[in-house]
Each structure stands twice: as structure tokens, then as C-alpha cells.
$ cat structure12.txt   # compact mmCIF, C-alpha atoms and all ligand atoms
# COMPACT_ATOMS: atom_id res chain seq x y z
CA MET A 1 0.00 0.00 0.00
CA GLU A 2 2.76 2.39 0.99
CA ASN A 3 4.64 1.49 -2.20
CA GLU A 4 1.54 1.93 -4.28
CA LEU A 5 0.89 5.35 -2.73
CA SER A 6 4.47 6.43 -3.36
CA ARG A 7 4.20 5.27 -6.93
CA ARG A 8 0.97 7.18 -7.43
CA SER A 9 2.49 10.26 -5.89
CA PHE A 10 5.48 9.89 -8.23
CA LEU A 11 3.28 9.52 -11.29
CA LYS A 12 1.24 12.55 -10.23
CA SER A 13 4.40 14.61 -9.68
CA ALA A 14 5.85 13.48 -12.99
CA ALA A 15 2.61 14.36 -14.79
CA LEU A 16 2.52 17.76 -13.11
CA ALA A 17 6.16 18.35 -13.94
CA SER A 18 5.53 17.40 -17.54
CA GLY A 19 2.38 19.51 -17.80
CA ALA A 20 4.11 22.51 -16.34
CA GLY A 21 7.08 22.14 -18.67
CA LEU A 22 9.31 21.27 -15.73
CA LEU A 23 10.86 18.05 -17.06
CA GLY A 24 14.61 18.18 -16.78
CA ARG A 25 14.44 19.51 -13.21
CA ASP A 26 15.27 17.14 -10.38
CA LEU A 27 12.32 15.57 -8.64
CA SER A 28 12.56 15.79 -4.88
CA LEU A 29 13.75 12.68 -3.04
CA GLY A 30 10.26 12.10 -1.67
CA ASP A 31 9.02 11.59 -5.22
CA ILE A 32 11.39 8.74 -6.10
CA PRO A 33 9.18 5.72 -6.84
CA LEU A 34 9.52 2.79 -4.50
CA PRO A 35 9.37 -0.74 -5.94
CA THR A 36 5.93 -2.02 -6.72
CA ARG A 37 4.68 -5.53 -6.25
CA ALA A 38 4.02 -7.54 -9.41
CA PRO A 39 0.28 -8.28 -9.71
CA ASN A 40 0.63 -12.08 -9.54
CA PRO A 41 4.23 -12.91 -8.76
CA LYS A 42 5.35 -16.22 -10.27
CA PRO A 43 8.56 -17.09 -8.46
CA LEU A 44 11.17 -18.80 -10.60
CA ALA A 45 14.89 -19.07 -11.14
CA ILE A 46 16.72 -19.66 -14.40
CA ALA A 47 20.40 -20.10 -15.14
CA SER A 48 22.85 -21.25 -17.75
CA ALA A 49 23.00 -25.05 -18.13
CA ASN A 50 25.60 -25.37 -15.35
CA GLY A 51 23.05 -23.89 -12.94
CA LEU A 52 20.88 -26.88 -11.97
CA ALA A 53 22.04 -26.80 -8.36
CA ALA A 54 22.13 -23.00 -8.34
CA THR A 55 18.50 -22.61 -9.44
CA ALA A 56 17.33 -25.29 -6.99
CA LYS A 57 19.10 -23.49 -4.15
CA ALA A 58 17.77 -20.10 -5.26
CA MET A 59 14.20 -21.38 -5.33
CA GLU A 60 14.56 -23.13 -1.97
CA MET A 61 15.58 -19.77 -0.47
CA ILE A 62 12.88 -17.85 -2.32
CA ALA A 63 10.22 -20.27 -1.06
CA ALA A 64 11.48 -19.53 2.46
CA GLY A 65 11.05 -15.79 1.86
CA SER A 66 14.49 -14.68 0.66
CA ASP A 67 15.06 -11.71 -1.57
CA ALA A 68 15.84 -12.80 -5.15
CA LEU A 69 19.36 -11.34 -5.04
CA ASP A 70 20.36 -13.26 -1.89
CA ALA A 71 18.88 -16.36 -3.50
CA VAL A 72 20.75 -16.15 -6.82
CA ILE A 73 24.03 -15.34 -5.08
CA ALA A 74 23.65 -18.35 -2.76
CA GLY A 75 22.91 -20.39 -5.88
CA VAL A 76 25.95 -19.30 -7.87
CA ASN A 77 28.17 -19.60 -4.76
CA ILE A 78 27.66 -23.37 -5.12
CA VAL A 79 29.17 -23.26 -8.60
CA GLU A 80 31.91 -20.80 -7.60
CA ASN A 81 32.92 -23.22 -4.82
CA ASP A 82 32.85 -26.28 -7.07
CA PRO A 83 36.36 -27.11 -8.37
CA LYS A 84 34.81 -29.36 -11.05
CA ASP A 85 33.29 -26.35 -12.85
CA MET A 86 36.39 -24.94 -14.51
CA SER A 87 34.64 -21.84 -15.82
CA VAL A 88 33.70 -20.19 -12.53
CA GLY A 89 35.31 -19.34 -9.17
CA TYR A 90 37.58 -21.80 -7.38
CA GLY A 91 39.14 -24.18 -9.92
CA GLY A 92 38.40 -21.87 -12.87
CA LEU A 93 40.84 -21.95 -15.77
CA PRO A 94 43.54 -19.31 -15.33
CA ASN A 95 44.91 -16.53 -17.51
CA GLU A 96 47.95 -17.04 -19.75
CA ASP A 97 50.26 -16.67 -16.73
CA GLY A 98 48.45 -19.43 -14.83
CA VAL A 99 46.66 -17.03 -12.47
CA VAL A 100 42.88 -17.25 -11.94
CA GLU A 101 41.14 -13.89 -12.43
CA LEU A 102 37.38 -13.67 -11.82
CA ASP A 103 34.60 -11.36 -13.03
CA SER A 104 31.11 -10.97 -11.57
CA SER A 105 28.15 -8.61 -11.42
CA VAL A 106 24.90 -8.46 -9.50
CA MET A 107 21.82 -6.34 -10.02
CA HIS A 108 18.95 -5.84 -7.59
CA GLY A 109 15.68 -4.98 -9.28
CA PRO A 110 13.67 -3.45 -6.42
CA THR A 111 16.32 -0.86 -5.59
CA GLY A 112 17.78 -0.50 -9.11
CA ARG A 113 21.25 -0.96 -7.65
CA GLY A 114 24.14 -2.99 -9.02
CA GLY A 115 27.70 -3.94 -8.16
CA ALA A 116 30.54 -5.69 -9.93
CA VAL A 117 34.15 -6.78 -9.72
CA ALA A 118 36.49 -7.57 -12.57
CA ALA A 119 39.85 -9.35 -12.84
CA ILE A 120 39.81 -10.03 -9.10
CA ARG A 121 42.33 -12.61 -7.85
CA ASN A 122 42.41 -14.90 -4.80
CA ILE A 123 38.74 -14.55 -3.80
CA ARG A 124 36.54 -17.53 -4.65
CA ASN A 125 33.14 -15.80 -4.49
CA PRO A 126 33.34 -12.66 -6.63
CA SER A 127 29.52 -12.53 -6.77
CA SER A 128 29.43 -11.96 -3.01
CA VAL A 129 32.07 -9.24 -3.34
CA ALA A 130 30.00 -7.61 -6.11
CA LYS A 131 27.06 -7.44 -3.70
CA VAL A 132 29.24 -5.73 -1.08
CA VAL A 133 30.42 -3.23 -3.73
CA MET A 134 26.72 -2.51 -4.32
CA GLU A 135 25.81 -2.26 -0.65
CA ARG A 136 28.89 -0.72 0.94
CA SER A 137 30.50 1.60 -1.58
CA ASP A 138 29.48 4.53 -3.72
CA HIS A 139 30.80 2.68 -6.78
CA VAL A 140 29.45 0.08 -9.15
CA LEU A 141 32.59 -1.64 -10.52
CA LEU A 142 35.94 -2.34 -8.86
CA VAL A 143 38.78 -4.08 -10.68
CA GLY A 144 42.00 -5.97 -10.01
CA GLU A 145 44.09 -5.01 -7.00
CA GLY A 146 41.53 -2.47 -5.77
CA ALA A 147 38.76 -5.06 -5.87
CA LEU A 148 40.93 -7.52 -3.93
CA ARG A 149 41.80 -4.94 -1.27
CA PHE A 150 38.14 -4.00 -0.94
CA ALA A 151 37.18 -7.67 -0.55
CA VAL A 152 39.87 -8.28 2.09
CA ALA A 153 38.77 -5.14 3.96
CA HIS A 154 35.31 -6.68 4.14
CA GLY A 155 36.58 -9.96 5.54
CA PHE A 156 36.80 -12.13 2.43
CA LYS A 157 39.51 -14.78 2.72
CA GLU A 158 42.40 -14.77 0.24
CA GLU A 159 43.38 -18.16 -1.21
CA ASN A 160 45.02 -19.69 -4.24
CA LEU A 161 42.17 -20.47 -6.67
CA LEU A 162 44.27 -22.59 -9.05
CA THR A 163 43.52 -26.27 -8.53
CA ASP A 164 45.95 -28.96 -9.73
CA GLU A 165 43.45 -29.98 -12.40
CA ALA A 166 43.16 -26.43 -13.78
CA ARG A 167 46.95 -26.01 -13.61
CA GLU A 168 47.41 -29.18 -15.65
CA VAL A 169 44.97 -27.99 -18.32
CA TRP A 170 46.80 -24.65 -18.44
CA LEU A 171 50.20 -26.40 -18.65
CA LYS A 172 49.00 -28.55 -21.53
CA TRP A 173 47.84 -25.41 -23.33
CA LYS A 174 51.16 -23.66 -22.66
CA GLU A 175 53.30 -26.58 -23.73
CA ASN A 176 51.40 -27.04 -26.97
CA LEU A 177 50.94 -23.38 -27.80
CA SER A 178 53.83 -23.08 -30.18
CA THR A 179 56.65 -25.08 -31.73
CA GLU A 180 58.82 -21.96 -31.42
CA ASP A 181 59.04 -21.56 -27.64
CA ASP A 182 60.88 -23.52 -24.96
CA TRP A 183 57.91 -25.14 -23.22
CA LEU A 184 57.63 -28.76 -24.40
CA PRO A 185 54.95 -31.36 -23.69
CA PRO A 186 56.13 -34.80 -22.57
CA HIS A 187 58.00 -36.39 -25.51
CA ASP A 188 60.49 -39.12 -26.27
CA ALA A 189 63.86 -38.92 -27.92
CA ASN A 190 62.41 -39.70 -31.37
CA ALA A 191 59.98 -36.76 -31.42
CA ARG A 192 60.56 -34.06 -34.09
CA ASP A 193 57.76 -31.47 -34.34
CA ILE A 194 56.47 -30.88 -30.84
CA GLY A 195 53.55 -28.64 -30.04
CA GLU A 196 50.29 -27.91 -31.78
CA ARG A 197 47.54 -25.50 -30.94
CA VAL A 198 45.07 -27.35 -28.77
CA GLN A 199 42.60 -24.63 -27.89
CA LYS A 200 39.89 -26.14 -30.05
CA ALA A 201 39.90 -29.26 -27.89
CA LEU A 202 39.41 -27.22 -24.72
CA ARG A 203 36.35 -25.47 -23.40
CA LEU A 204 37.51 -21.89 -23.41
CA HIS A 205 34.34 -20.06 -22.41
CA GLY A 206 32.11 -20.80 -19.46
CA THR A 207 30.20 -18.73 -16.96
CA ILE A 208 27.05 -18.90 -14.87
CA ASN A 209 24.22 -16.43 -15.13
CA CYS A 210 21.30 -16.84 -12.70
CA ASP A 211 18.17 -14.68 -12.53
CA ALA A 212 15.14 -15.01 -10.28
CA ILE A 213 11.79 -13.60 -9.23
CA ASP A 214 10.95 -13.82 -5.53
CA LEU A 215 7.65 -14.08 -3.63
CA ASN A 216 7.23 -10.30 -3.77
CA GLY A 217 7.62 -10.28 -7.54
CA ASN A 218 11.03 -8.62 -7.24
CA ILE A 219 13.68 -9.56 -9.79
CA SER A 220 17.44 -9.85 -9.41
CA GLY A 221 20.32 -11.45 -11.26
CA CYS A 222 23.96 -12.40 -11.05
CA THR A 223 26.64 -13.41 -13.54
CA THR A 224 29.98 -14.86 -12.43
CA THR A 225 32.93 -16.37 -14.30
CA SER A 226 36.63 -17.06 -14.52
CA GLY A 227 36.33 -15.65 -18.03
CA LEU A 228 38.10 -16.71 -21.16
CA ALA A 229 40.65 -19.41 -20.42
CA PHE A 230 44.29 -18.36 -20.95
CA LYS A 231 43.30 -14.72 -21.50
CA ILE A 232 45.76 -11.87 -21.41
CA PRO A 233 46.07 -10.83 -17.73
CA GLY A 234 43.66 -8.00 -17.05
CA ARG A 235 41.21 -9.05 -19.76
CA VAL A 236 37.64 -8.31 -18.68
CA GLY A 237 34.70 -10.01 -20.35
CA ASP A 238 31.02 -9.16 -20.45
CA SER A 239 30.06 -10.78 -17.12
CA PRO A 240 30.91 -7.84 -14.80
CA ILE A 241 29.60 -5.22 -17.19
CA LEU A 242 26.03 -4.23 -16.34
CA GLY A 243 24.12 -3.95 -19.58
CA ALA A 244 26.29 -6.57 -21.29
CA GLY A 245 26.56 -9.74 -19.14
CA LEU A 246 23.60 -8.87 -16.89
CA TYR A 247 20.75 -6.41 -16.70
CA VAL A 248 17.69 -6.20 -14.46
CA ASP A 249 14.74 -3.84 -14.55
CA ASN A 250 12.18 -4.66 -11.89
CA GLU A 251 9.36 -3.33 -14.06
CA VAL A 252 10.32 -5.51 -17.04
CA GLY A 253 12.58 -8.47 -16.32
CA ALA A 254 16.16 -9.67 -16.34
CA ALA A 255 18.67 -10.99 -18.86
CA GLY A 256 22.18 -12.40 -18.75
CA SER A 257 24.71 -14.14 -20.91
CA THR A 258 27.45 -16.70 -21.28
CA GLY A 259 29.80 -17.29 -24.20
CA ARG A 260 32.17 -15.02 -26.10
CA GLY A 261 32.24 -11.90 -23.95
CA GLU A 262 34.01 -9.76 -26.52
CA ALA A 263 31.04 -10.06 -28.88
CA ASN A 264 28.59 -9.19 -26.14
CA LEU A 265 30.66 -6.24 -24.95
CA LEU A 266 30.29 -4.77 -28.42
CA SER A 267 26.52 -5.17 -28.42
CA CYS A 268 25.45 -4.71 -24.75
CA SER A 269 22.89 -7.44 -25.27
CA SER A 270 21.43 -7.83 -21.78
CA VAL A 271 20.10 -4.30 -21.61
CA MET A 272 18.86 -4.70 -25.21
CA ILE A 273 16.99 -7.90 -24.25
CA VAL A 274 15.30 -6.12 -21.36
CA GLU A 275 14.36 -3.26 -23.69
CA TYR A 276 13.02 -5.70 -26.32
CA MET A 277 10.87 -7.26 -23.57
CA ARG A 278 9.68 -3.79 -22.53
CA GLN A 279 8.52 -3.38 -26.13
CA GLY A 280 6.47 -6.58 -25.80
CA LYS A 281 8.79 -9.34 -27.02
CA SER A 282 8.78 -12.67 -25.19
CA PRO A 283 12.03 -13.58 -23.36
CA THR A 284 12.90 -16.12 -26.07
CA ASP A 285 12.26 -13.70 -28.94
CA ALA A 286 14.16 -10.95 -27.15
CA CYS A 287 17.15 -13.30 -26.69
CA LEU A 288 16.98 -14.27 -30.38
CA MET A 289 16.96 -10.61 -31.38
CA ALA A 290 20.15 -10.15 -29.35
CA CYS A 291 21.73 -13.08 -31.23
CA GLU A 292 20.72 -11.55 -34.56
CA ARG A 293 22.16 -8.21 -33.48
CA ILE A 294 25.51 -9.82 -32.67
CA ALA A 295 25.52 -11.69 -35.99
CA ARG A 296 24.85 -8.41 -37.82
CA GLN A 297 27.48 -6.52 -35.87
CA THR A 298 30.20 -9.12 -36.45
CA LYS A 299 32.15 -7.67 -39.35
CA GLU A 300 35.65 -9.06 -38.87
CA LEU A 301 36.33 -11.89 -41.31
CA ARG A 302 38.48 -13.79 -38.81
CA LEU A 303 35.37 -14.22 -36.66
CA LYS A 304 33.06 -15.44 -39.44
CA ASP A 305 32.66 -18.77 -41.20
CA ASP A 306 32.44 -19.25 -44.97
CA ASN A 307 28.72 -18.42 -44.84
CA GLY A 308 29.31 -15.16 -43.00
CA ARG A 309 28.02 -16.47 -39.67
CA PRO A 310 29.84 -15.88 -36.36
CA LYS A 311 32.25 -18.74 -35.62
CA PHE A 312 31.70 -18.27 -31.89
CA ASN A 313 28.70 -18.77 -29.65
CA VAL A 314 26.91 -16.46 -27.22
CA ASN A 315 24.01 -17.67 -25.05
CA PHE A 316 21.30 -15.53 -23.50
CA TYR A 317 18.80 -16.20 -20.70
CA ALA A 318 15.86 -13.99 -19.77
CA ILE A 319 12.84 -13.76 -17.50
CA SER A 320 9.96 -11.35 -17.71
CA ARG A 321 8.19 -9.75 -14.78
CA ALA A 322 5.16 -11.87 -15.62
CA GLY A 323 7.19 -15.02 -14.95
CA GLU A 324 7.89 -16.09 -18.55
CA HIS A 325 11.37 -17.44 -19.25
CA GLY A 326 13.44 -18.08 -22.35
CA GLY A 327 16.89 -18.58 -23.74
CA ALA A 328 18.58 -18.38 -27.12
CA SER A 329 22.03 -18.91 -28.56
CA ILE A 330 23.70 -18.05 -31.82
CA TRP A 331 24.35 -21.77 -32.43
CA SER A 332 22.05 -24.71 -31.67
CA GLY A 333 22.70 -27.19 -28.88
CA SER A 334 22.47 -24.95 -25.80
CA GLN A 335 20.16 -25.41 -22.85
CA TYR A 336 19.29 -23.50 -19.74
CA ALA A 337 18.27 -24.50 -16.22
CA ILE A 338 14.86 -23.65 -14.81
CA ASN A 339 13.20 -24.10 -11.45
CA THR A 340 9.71 -22.97 -10.50
CA GLY A 341 9.69 -24.48 -7.03
CA GLU A 342 10.45 -28.16 -7.56
CA PRO A 343 13.17 -29.93 -5.54
CA GLN A 344 15.06 -30.64 -8.80
CA SER A 345 15.73 -28.13 -11.56
CA ARG A 346 15.44 -29.17 -15.20
CA LEU A 347 17.14 -28.27 -18.46
CA VAL A 348 15.22 -26.71 -21.34
CA ASP A 349 16.47 -26.38 -24.93
CA SER A 350 17.39 -22.84 -25.95
CA ALA A 351 16.19 -21.35 -29.22
CA TYR A 352 18.94 -20.69 -31.75
CA LEU A 353 19.83 -18.64 -34.78
CA TYR A 354 21.87 -21.22 -36.70
CA LYS A 355 21.76 -25.02 -36.57
CA ARG A 356 25.11 -26.72 -36.13
CA GLU A 357 25.74 -29.14 -38.97
CA LYS A 358 27.47 -31.72 -36.81
N1 LIG A 401 31.08 -14.50 -21.10
C1 LIG A 401 32.18 -14.69 -20.26
C2 LIG A 401 33.42 -14.11 -20.75
O1 LIG A 401 33.59 -13.92 -21.96
O2 LIG A 401 34.30 -13.81 -19.96

$ encode --input "structure12.txt" --output "C-alpha cells"
Amino acid sequence: MENELSRRSFLKSAALASGAGLLGRDLSLGDIPLPTRAPNPKPLAIASANGLAATAKAMEMIAAGSDALDAVIAGVNIVENDPKDMSVGYGGLPNEDGVVELDSSVMHGPTGRGGAVAAIRNIRNPSSVAKVVMERSDHVLLVGEGALRFAVAHGFKEENLLTDEAREVWLKWKENLSTEDDWLPPHDANARDIGERVQKALRLHGTINCDAIDLNGNISGCTTTSGLAFKIPGRVGDSPILGAGLYVDNEVGAAGSTGRGEANLLSCSSVMIVEYMRQGKSPTDACLMACERIARQTKELRLKDDNGRPKFNVNFYAISRAGEHGGASIWSGSQYAINTGEPQSRLVDSAYLYKREK
């Protein structure tokens, strides 16, 4: 009721301001609209395909009354802590120097706030740090050494995030990177040409995006990743960039991404998806439009196949305020995780722009 009154008072003030030709002047603080409750909230959580456990956890918390942001962060913390997922958090694949650098962003629909960290080292839960940036600083994005110092100041524990398994994958990459350098893979005395590029055999991109609607109809999201494997130190992908790897508007919905961050950074797809939904598109159609936009914007020949299509993949996930969900990828074969309150989450096929031939 209080929210509804504040909203009405805002709308009245805005109409008066408009009618009196006052737009462009600051509204007083008392006129800032407070979040409204969705008419019939349909709680749900979606995530990239590696988010089965994350969405189940998020929905368990939402059913118990948690705010959607706390729920999605608790969900992705499971994946950040899991050394078997080599695309996120602890055990993520490192940069070209063998050092794990993590990116994450969060966005809280009801307050319109967001926080993010990029290229942060030694902290396994960058999503939780991103939330502290949002709640306990006047900034939105902290990077590198500054992000680490901020995290330590707030009690986060520093640790080596490189597991033996991730180190071995990195070493294999390094030893096979070139026949010109001095790093050699295991070989016998008869070997001649040692070293071949092996990136194609490795999974270079991976990330988790998780978005949810809580019992109050409030929407939040989080994206977290170790980023592109073997990247140049300091490389930042789309995940910690609000508007690119994540965007939430409590009045419309949320969207997030996984896949080639460079392509998404150049198209800011998550905010576009939310805007397409505002214009009436379903989450799936909005995600497909973002894929089309990336395909159109990809001009460099090195990134395109013989048919002019992007060689890489980007995946999008979206929920609308009404509780619809959808996902789409440039290339077929992707899925996303969904939970609407069941003990187990399930995977759903994403729509796609192009069908993979094999
Ligand atoms: N989408 C994750 C990254 O490119 O870092």
C-alpha cells in the first residue's frame, strides 16, 4: 500500500512536472518511486545449463522468503565453490600466466542498484564481493588489486584459486601453444615437431548467469565467471559489465549471458533484451533478437565462417516480470536450467539462430 501510494504520488508529480514544462528539473527525493509488487508474482529461477544446483538453491531460499538477489548469489556460490566447474570461481581456468582472475556482477531490481568486480584474484566468491560493492560503496565496478583490497577489507579470505586440475589444463595449453618456444609437452627422444595448438579441444568459455523472481515479484540477477581461459592478464569479459553480461529492470525483467564476452561487450545485449521485452517481445524472442544483433554486428572476417556467420557462440537467458522465461544462442545445442519451485531443476532447450551441422 505504501509502495503503491508512493508510486501514485510519483506519477502525479511526474505528470505535473511534464504539464508545467518542468521536465529536466530534479524531482525531490520524496518523489522517487519505491518498488511495486508484481500483480501475480510467479517465483522462478533460471540459469545457464551449469546452474541446476544454483537454481534449486535459489528457489529453496525464495520459497522460504528470501530476496531474489540473496537467492541467486547463494545459488551461484555453489558453482563458484565447485572445483569441477572450470569456468567459474575456485578451480576456474587461469589466464595465460596461470593465475585465476574472476569477473562478476549483480543487479537488484527493487532498488535499481548494481555492483561488480572484474579481474579479481584470490577470492573464490566474486559474486558476493559484487554485492558488497553494491551495498557498501558509492561505486558500481571495482577491478584488479583495488577489488581484492576492498574484498579483504570486508573480511573475504584470500586463497590460491588454481587447482591442480586447472593447472594441468593450463600447462597442456602452454606446452602445446607453439613449436617456437621452450615449453615442451612430454615427448620421447624420437619426437621431431612438438607442439600444436590445442585450444579447439578445450572449453575456453564458461560462466554462470542466474536470474530469479521472488515471492514479492522482485527480480534480481547475477553473472559470475573465470572468463576466457588463458586470457591476457587484465582481460575483462562481459560478465561484470552491467548492460552486457547482466541487466535487471524490476518493471520488465532480467537478462544475462554466457559465451564469447568480446562479442557481447560490443553489443550490450542484456540491456537490449530487457528493452526488447519492454517493447512486448517474449524472453525467447528478445534473446533471439540479441543473437541476430551480434551476428549483424560481427564484421571481422576472422570471426566469421564461410557463410558469414559468427564462428563463436553467445548464449542468452531472460525472465519477464510476468514469470515467462526463455533462452537463445547463436548456435544450436544450448540449454538452460529452470526451477519454478520443484526440488530438482530441469534443463530446457534454448532457441537458436543457426543449426550446427554436426
Ligand atoms: N562470457 C564470459 C566471458 O567472456 O568472460

$ closest_residue --input "structure12.txt" --among "A:Arg167, A:Lys84, A:His139, A:Lys231" --to "ligand LIG 401 (chain A)" --atoms "all atoms listed in the file"
A:Lys231

$ residues_near_ligand --input "structure12.txt" --ligand "ligand LIG 401 (chain A)" --cutoff "8 Å" --atoms "all atoms listed in the file" --output "ChimeraX atom specification"
/A:103,205-207,225-228,236-239,245,257-262,264,314

$ residues_around --input "structure12.txt" --residues "Leu141 of chain A" --least-positions-apart "3" --cutoff "6 Å" --atoms "all atoms listed in the file" --output "list of chain:residue names"
A:Gly115, A:Ala116, A:Val117

$ atom_distance --input "structure12.txt" --atom1 "atom CA of Val132 of chain A" --atom2 "atom CA of Ala151 of chain A"
8.2 Å

$ closest_residue --input "structure12.txt" --among "A:Thr340, A:Asn81, A:Ser104, A:Lys304" --to "Ala244 of chain A" --atoms "all atoms listed in the file"
A:Ser104

$ closest_residue --input "structure12.txt" --among "A:Ile338, A:Met134, A:Val248, A:Leu184" --to "Ala45 of chain A" --atoms "all atoms listed in the file"
A:Ile338

$ decode --input "structure12.txt" --residues "segment 155-167 of chain A" --atoms "N, CA and C atoms" --output "CSV table (one decimal), in the first residue's frame"
chain,number,residue,atom,x,y,z
A,155,GLY,N,36.5,-8.7,4.9
A,155,GLY,CA,36.6,-10.0,5.5
A,155,GLY,C,36.6,-11.2,4.6
A,156,PHE,N,36.7,-11.0,3.3
A,156,PHE,CA,36.8,-12.1,2.4
A,156,PHE,C,38.2,-12.7,2.6
A,157,LYS,N,38.3,-14.1,2.5
A,157,LYS,CA,39.5,-14.8,2.7
A,157,LYS,C,40.3,-14.9,1.4
A,158,GLU,N,41.6,-14.6,1.4
A,158,GLU,CA,42.4,-14.8,0.2
A,158,GLU,C,42.9,-16.2,0.2
A,159,GLU,N,42.9,-16.8,-1.0
A,159,GLU,CA,43.4,-18.2,-1.2
A,159,GLU,C,43.8,-18.3,-2.7
A,160,ASN,N,44.6,-19.3,-2.9
A,160,ASN,CA,45.0,-19.7,-4.2
A,160,ASN,C,43.8,-20.4,-4.9
A,161,LEU,N,43.4,-19.9,-6.0
A,161,LEU,CA,42.2,-20.5,-6.7
A,161,LEU,C,42.5,-21.5,-7.7
A,162,LEU,N,43.8,-21.7,-8.0
A,162,LEU,CA,44.3,-22.6,-9.1
A,162,LEU,C,44.4,-24.0,-8.5
A,163,THR,N,43.5,-24.9,-9.0
A,163,THR,CA,43.5,-26.3,-8.5
A,163,THR,C,44.6,-27.0,-9.4
A,164,ASP,N,45.0,-28.2,-9.0
A,164,ASP,CA,45.9,-29.0,-9.7
A,164,ASP,C,45.4,-29.3,-11.1
A,165,GLU,N,44.1,-29.6,-11.1
A,165,GLU,CA,43.4,-30.0,-12.4
A,165,GLU,C,43.5,-28.8,-13.4
A,166,ALA,N,43.1,-27.6,-12.9
A,166,ALA,CA,43.2,-26.4,-13.8
A,166,ALA,C,44.6,-26.1,-14.2
A,167,ARG,N,45.5,-26.3,-13.3
A,167,ARG,CA,46.9,-26.0,-13.6
A,167,ARG,C,47.4,-27.0,-14.7
